[in-house]
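Here's data-v3.cif, which has mmCIF, C-alpha atoms:
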```cif
data_model
#
loop_
_atom_site.group_PDB
_atom_site.id
_atom_site.type_symbol
_atom_site.label_atom_id
_atom_site.label_comp_id
_atom_site.auth_asym_id
_atom_site.auth_seq_id
_atom_site.Cartn_x
_atom_site.Cartn_y
_atom_site.Cartn_z
ATOM 1 C CA MET M 1 -13.591 -17.449 -11.639
ATOM 2 C CA THR M 2 -12.418 -20.851 -10.450
ATOM 3 C CA ASP M 3 -13.651 -22.427 -7.225
ATOM 4 C CA ASP M 4 -10.288 -21.702 -5.562
ATOM 5 C CA GLU M 5 -10.391 -18.051 -6.682
ATOM 6 C CA ARG M 6 -13.923 -17.799 -5.275
ATOM 7 C CA ALA M 7 -12.780 -19.390 -1.992
ATOM 8 C CA LEU M 8 -9.838 -16.974 -1.778
ATOM 9 C CA SER M 9 -12.193 -14.036 -2.383
ATOM 10 C CA VAL M 10 -14.466 -15.240 0.412
ATOM 11 C CA LEU M 11 -11.476 -15.573 2.748
ATOM 12 C CA GLN M 12 -10.073 -12.142 1.833
ATOM 13 C CA ASN M 13 -13.439 -10.438 2.364
ATOM 14 C CA TYR M 14 -13.952 -12.258 5.658
ATOM 15 C CA TYR M 15 -10.467 -11.292 6.828
ATOM 16 C CA THR M 16 -11.041 -7.648 5.885
ATOM 17 C CA GLU M 17 -14.226 -7.543 7.947
ATOM 18 C CA HIS M 18 -13.144 -9.610 10.976
ATOM 19 C CA MET M 19 -9.291 -9.514 10.916
ATOM 20 C CA VAL M 20 -9.205 -13.300 11.381
ATOM 21 C CA LEU M 21 -9.882 -16.188 9.025
ATOM 22 C CA PRO M 22 -13.090 -18.225 9.432
ATOM 23 C CA SER M 23 -13.314 -21.701 10.886
ATOM 24 C CA TYR M 24 -13.578 -24.640 8.489
ATOM 25 C CA ALA M 25 -17.314 -24.834 9.260
ATOM 26 C CA ALA M 26 -17.901 -21.145 8.502
ATOM 27 C CA LEU M 27 -15.803 -21.379 5.334
ATOM 28 C CA GLY M 28 -17.739 -24.452 4.206
ATOM 29 C CA GLU M 29 -21.032 -22.650 4.804
ATOM 30 C CA SER M 30 -19.849 -19.600 2.823
ATOM 31 C CA LEU M 31 -18.734 -21.802 -0.075
ATOM 32 C CA GLY M 32 -21.768 -24.103 -0.002
ATOM 33 C CA LEU M 33 -19.652 -27.116 0.952
ATOM 34 C CA SER M 34 -21.199 -29.553 3.422
ATOM 35 C CA SER M 35 -18.265 -31.817 4.223
ATOM 36 C CA LYS M 36 -15.187 -30.883 6.212
ATOM 37 C CA GLY M 37 -13.144 -32.968 3.764
ATOM 38 C CA SER M 38 -14.209 -30.758 0.828
ATOM 39 C CA VAL M 39 -13.247 -27.647 2.768
ATOM 40 C CA SER M 40 -9.937 -29.261 3.700
ATOM 41 C CA LEU M 41 -9.159 -29.904 0.012
ATOM 42 C CA VAL M 42 -9.789 -26.232 -0.827
ATOM 43 C CA VAL M 43 -7.625 -25.096 2.102
ATOM 44 C CA THR M 44 -4.836 -27.490 1.094
ATOM 45 C CA ARG M 45 -4.811 -26.173 -2.486
ATOM 46 C CA LEU M 46 -4.712 -22.565 -1.233
ATOM 47 C CA MET M 47 -1.865 -23.479 1.138
ATOM 48 C CA ASP M 48 0.055 -25.137 -1.702
ATOM 49 C CA GLU M 49 -0.255 -21.892 -3.689
ATOM 50 C CA GLY M 50 0.987 -19.809 -0.725
ATOM 51 C CA TYR M 51 -2.314 -18.039 0.010
ATOM 52 C CA LEU M 52 -2.850 -19.696 3.397
ATOM 53 C CA ASP M 53 -0.648 -20.999 6.178
ATOM 54 C CA PHE M 54 -1.004 -22.335 9.706
ATOM 55 C CA ALA M 55 -0.339 -20.245 12.789
ATOM 56 C CA PRO M 56 1.548 -21.940 15.669
ATOM 57 C CA ASP M 57 -1.799 -22.815 17.278
ATOM 58 C CA LYS M 58 -2.836 -24.605 14.028
ATOM 59 C CA ARG M 59 -5.446 -22.000 13.072
ATOM 60 C CA LEU M 60 -5.437 -20.692 9.538
ATOM 61 C CA LYS M 61 -3.579 -17.472 8.862
ATOM 62 C CA PRO M 62 -2.880 -15.460 5.700
ATOM 63 C CA GLY M 63 0.034 -16.831 3.708
ATOM 64 C CA ALA M 64 2.722 -14.890 1.844
ATOM 65 C CA ARG M 65 0.497 -14.416 -1.231
ATOM 66 C CA PHE M 66 -2.809 -13.720 0.595
ATOM 67 C CA PHE M 67 -2.652 -9.956 0.049
ATOM 68 C CA GLU M 68 -1.468 -10.044 -3.570
ATOM 69 C CA ARG M 69 -3.312 -7.886 -6.071
ATOM 70 C CA TYR M 70 -3.166 -8.208 -9.833
ATOM 71 C CA VAL M 71 -1.257 -5.611 -11.818
ATOM 72 C CA PHE M 72 -2.485 -5.640 -15.389
ATOM 73 C CA ASP M 73 -0.148 -4.829 -18.258
ATOM 74 C CA SER M 74 -1.104 -1.173 -18.744
ATOM 75 C CA VAL M 75 -3.931 1.224 -19.395
ATOM 76 C CA GLN M 76 -3.792 4.253 -21.675
ATOM 77 C CA ALA M 77 -4.719 7.567 -20.146
ATOM 78 C CA GLY M 78 -5.207 8.928 -23.670
ATOM 79 C CA THR M 79 -6.151 7.034 -26.829
ATOM 80 C CA PRO M 80 -7.375 3.509 -26.018
ATOM 81 C CA ASN M 81 -5.170 0.569 -26.929
ATOM 82 C CA ALA M 82 -5.986 -3.100 -27.356
ATOM 83 C CA ALA M 83 -6.289 -5.148 -24.190
ATOM 84 C CA THR M 84 -3.787 -7.984 -24.003
ATOM 85 C CA ASP M 85 -4.312 -11.573 -22.996
ATOM 86 C CA ASN M 86 -1.078 -11.573 -21.002
ATOM 87 C CA PRO M 87 -1.638 -12.996 -17.528
ATOM 88 C CA PRO M 88 -1.446 -10.216 -14.955
ATOM 89 C CA GLU M 89 1.455 -9.956 -12.539
ATOM 90 C CA ALA M 90 0.536 -10.313 -8.860
ATOM 91 C CA ILE M 91 2.089 -8.148 -6.143
ATOM 92 C CA THR M 92 1.343 -7.152 -2.582
ATOM 93 C CA ILE M 93 1.127 -3.414 -2.083
ATOM 94 C CA ASP M 94 3.319 -3.571 1.034
ATOM 95 C CA ARG M 95 6.103 -5.385 -0.799
ATOM 96 C CA PHE M 96 5.804 -2.940 -3.696
ATOM 97 C CA LEU M 97 5.889 0.265 -1.616
ATOM 98 C CA ILE M 98 7.691 -0.633 1.582
ATOM 99 C CA LYS M 99 11.317 -1.729 1.677
ATOM 100 C CA GLU M 100 11.847 -1.425 5.442
ATOM 101 C CA PRO M 101 8.611 -1.795 7.422
ATOM 102 C CA SER M 102 10.246 -0.793 10.717
ATOM 103 C CA ARG M 103 11.187 2.599 9.222
ATOM 104 C CA THR M 104 8.035 3.253 7.185
ATOM 105 C CA VAL M 105 4.973 5.193 8.282
ATOM 106 C CA LEU M 106 1.857 6.568 6.605
ATOM 107 C CA ILE M 107 1.090 10.254 7.081
ATOM 108 C CA ARG M 108 -2.239 11.785 6.017
ATOM 109 C CA VAL M 109 -1.758 14.911 3.896
ATOM 110 C CA LYS M 110 -3.478 18.139 4.925
ATOM 111 C CA GLY M 111 -3.572 21.341 2.908
ATOM 112 C CA ASP M 112 -2.780 22.095 -0.709
ATOM 113 C CA SER M 113 0.869 23.182 -0.794
ATOM 114 C CA MET M 114 1.835 20.177 -2.966
ATOM 115 C CA ILE M 115 -1.038 20.076 -5.480
ATOM 116 C CA GLU M 116 1.219 20.781 -8.473
ATOM 117 C CA ALA M 117 3.098 17.585 -7.562
ATOM 118 C CA GLY M 118 -0.214 15.680 -7.646
ATOM 119 C CA ILE M 119 -0.426 15.376 -3.851
ATOM 120 C CA PHE M 120 -3.794 16.335 -2.385
ATOM 121 C CA ALA M 121 -5.430 16.691 1.017
ATOM 122 C CA GLY M 122 -6.533 13.289 2.283
ATOM 123 C CA ASP M 123 -3.807 11.348 0.443
ATOM 124 C CA LEU M 124 -1.594 9.042 2.487
ATOM 125 C CA ALA M 125 2.106 9.721 2.050
ATOM 126 C CA VAL M 126 4.229 6.586 2.442
ATOM 127 C CA VAL M 127 7.262 7.923 4.290
ATOM 128 C CA GLU M 128 10.521 6.131 5.014
ATOM 129 C CA ARG M 129 12.176 7.648 8.074
ATOM 130 C CA ARG M 130 15.710 8.689 7.131
ATOM 131 C CA PRO M 131 18.272 11.134 8.501
ATOM 132 C CA SER M 132 19.175 12.426 5.017
ATOM 133 C CA ALA M 133 17.617 13.117 1.619
ATOM 134 C CA ASN M 134 18.631 14.290 -1.826
ATOM 135 C CA VAL M 135 17.765 17.618 -3.410
ATOM 136 C CA GLY M 136 14.526 17.086 -5.327
ATOM 137 C CA ASP M 137 13.156 14.448 -2.932
ATOM 138 C CA ILE M 138 9.729 15.038 -1.456
ATOM 139 C CA VAL M 139 10.341 15.041 2.273
ATOM 140 C CA VAL M 140 8.481 15.282 5.532
ATOM 141 C CA ALA M 141 10.209 17.752 7.821
ATOM 142 C CA THR M 142 9.366 19.256 11.177
ATOM 143 C CA VAL M 143 9.150 23.021 11.381
ATOM 144 C CA GLU M 144 8.305 24.476 14.800
ATOM 145 C CA ASN M 145 7.188 20.996 15.978
ATOM 146 C CA GLU M 146 4.786 20.505 13.056
ATOM 147 C CA PHE M 147 5.091 18.220 10.044
ATOM 148 C CA THR M 148 5.241 19.659 6.544
ATOM 149 C CA LEU M 149 5.520 17.914 3.187
ATOM 150 C CA LYS M 150 7.674 19.710 0.605
ATOM 151 C CA TYR M 151 10.449 19.293 -1.942
ATOM 152 C CA LEU M 152 13.952 19.491 -0.486
ATOM 153 C CA ASP M 153 15.834 22.134 -2.435
ATOM 154 C CA ARG M 154 19.122 24.034 -2.218
ATOM 155 C CA ASP M 155 20.517 27.337 -3.431
ATOM 156 C CA ARG M 156 23.416 29.649 -2.484
ATOM 157 C CA LYS M 157 21.824 30.324 0.907
ATOM 158 C CA GLY M 158 21.524 26.627 1.780
ATOM 159 C CA TYR M 159 18.814 23.993 2.029
ATOM 160 C CA PHE M 160 15.137 24.947 2.075
ATOM 161 C CA LEU M 161 11.689 23.409 1.663
ATOM 162 C CA ARG M 162 9.921 24.217 -1.598
ATOM 163 C CA PRO M 163 6.146 23.857 -2.005
ATOM 164 C CA ALA M 164 4.524 22.676 -5.246
ATOM 165 C CA ASN M 165 1.943 25.457 -5.274
ATOM 166 C CA ALA M 166 2.757 29.013 -6.365
ATOM 167 C CA ALA M 167 0.481 30.382 -3.634
ATOM 168 C CA PHE M 168 2.964 29.251 -0.969
ATOM 169 C CA GLN M 169 6.411 30.561 -0.098
ATOM 170 C CA PRO M 170 9.489 28.371 0.419
ATOM 171 C CA ILE M 171 10.373 27.585 4.019
ATOM 172 C CA ARG M 172 13.873 28.732 4.894
ATOM 173 C CA SER M 173 13.596 28.589 8.675
ATOM 174 C CA ASP M 174 15.183 25.802 10.694
ATOM 175 C CA PHE M 175 13.714 22.411 9.918
ATOM 176 C CA GLU M 176 14.543 18.837 10.790
ATOM 177 C CA LEU M 177 14.197 16.035 8.277
ATOM 178 C CA PHE M 178 11.771 13.317 9.379
ATOM 179 C CA GLY M 179 11.808 11.170 6.242
ATOM 180 C CA VAL M 180 11.441 10.830 2.488
ATOM 181 C CA MET M 181 8.163 10.129 0.689
ATOM 182 C CA VAL M 182 8.521 6.836 -1.198
ATOM 183 C CA GLY M 183 4.921 6.384 -2.289
ATOM 184 C CA LEU M 184 1.436 7.813 -2.235
ATOM 185 C CA VAL M 185 -1.939 6.201 -1.613
ATOM 186 C CA ARG M 186 -5.172 7.827 -2.694
ATOM 187 C CA ARG M 187 -8.668 6.474 -2.409
ATOM 188 C CA LEU M 188 -11.014 7.823 -5.054
#
```
What would you get if you wrote out this structure as structure tokens?
Amino acid sequence: MTDDERALSVLQNYYTEHMVLPSYAALGESLGLSSKGSVSLVVTRLMDEGYLDFAPDKRLKPGARFFERYVFDSVQAGTPNAATDNPPEAITIDRFLIKEPSRTVLIRVKGDSMIEAGIFAGDLAVVERRPSANVGDIVVATVENEFTLKYLDRDRKGYFLRPANAAFQPIRSDFELFGVMVGLVRRL
């Protein structure tokens, strides 16, 4: 790990805990740097790389790349394969999952009606609010003023909500579409 990578890690961990970035003095102390000039050089390099920026009041703020995470080439879920030396791609989870932040919400999943789709209680469904969906989309709909997460399906009788668990029946009563699931977040 380079000195700049270590400094970025310190800043990311600090931000996660305090929701602000540290002062130059606190950053210098965390990095074992005694001079403000040394800290300034680290900050300048991180700004040049897009990890840091200045807020209007001249305090440090996260830059466009601050929340990037590495995505490594691949991992086999079966027989192991050789690790590659390819440099990992870096993405931010928000940019990867969320196309329109103003229309996107997270909804915590309750129950087990979608377990055969790999969606479990406690997962966070990333839902883009939309007035329409396609058959086969996983949607959040309101039924009797309560949210439900199901597949949108259609037959001769019309549209209905189909669970991904044989223990549950399809919902054919009136429902209103809230949005379409565009991603899923699970903490193990």
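Summary of the local environment: counting all atoms listed in the file, residues at most 9 Å from Gly111 in chain M, other than itself and those fewer than 5 positions away along its chain, are Phe120, Ala121 and Gly122 of chain M.
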Could you state which residues are captured by the PyMOL selection byres ((chain M and resi 7) around 9) in this file, as a short mmCIF file (atom, residue, chain, number, x, y, z; two decimals) with C-alpha atoms, keeping the file's coordinate frame?
```cif
data_model
loop_
_atom_site.label_atom_id
_atom_site.label_comp_id
_atom_site.auth_asym_id
_atom_site.auth_seq_id
_atom_site.Cartn_x
_atom_site.Cartn_y
_atom_site.Cartn_z
CA THR M 2 -12.42 -20.85 -10.45
CA ASP M 3 -13.65 -22.43 -7.22
CA ASP M 4 -10.29 -21.70 -5.56
CA GLU M 5 -10.39 -18.05 -6.68
CA ARG M 6 -13.92 -17.80 -5.28
CA LEU M 8 -9.84 -16.97 -1.78
CA SER M 9 -12.19 -14.04 -2.38
CA VAL M 10 -14.47 -15.24 0.41
CA LEU M 11 -11.48 -15.57 2.75
CA GLN M 12 -10.07 -12.14 1.83
CA LEU M 27 -15.80 -21.38 5.33
CA SER M 30 -19.85 -19.60 2.82
CA LEU M 31 -18.73 -21.80 -0.08
CA VAL M 42 -9.79 -26.23 -0.83
CA VAL M 43 -7.62 -25.10 2.10
CA LEU M 46 -4.71 -22.56 -1.23
#
```
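Compared by their closest atoms to Gly158 in chain M, and using all atoms listed in the file, the residues M:Tyr14, M:Val135, M:Glu146, M:Phe178 rank with M:Val135 nearest.
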List the residues matched by the PyMOL selection byres ((chain M and resi 136) around 8) in the displayed structure as a PDB file with C-alpha atoms, keeping the file's coordinate frame, ordered by chain and then by residue number.
```pdb
ATOM      1  CA  ASN M 134      18.631  14.290  -1.826  1.00  0.00           C
ATOM      2  CA  VAL M 135      17.765  17.618  -3.410  1.00  0.00           C
ATOM      3  CA  ASP M 137      13.156  14.448  -2.932  1.00  0.00           C
ATOM      4  CA  ILE M 138       9.729  15.038  -1.456  1.00  0.00           C
ATOM      5  CA  TYR M 151      10.449  19.293  -1.942  1.00  0.00           C
ATOM      6  CA  LEU M 152      13.952  19.491  -0.486  1.00  0.00           C
ATOM      7  CA  ASP M 153      15.834  22.134  -2.435  1.00  0.00           C
TER       8      ASP M 153
END
```
Worksheet item: Rounded to one decimal in Å, what is the spacing between CA of Val182 in chain M and CA of Val71 in chain M?
Response: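 Pair CA of Val182 in chain M / CA of Val71 in chain M returns 19.1 Å.
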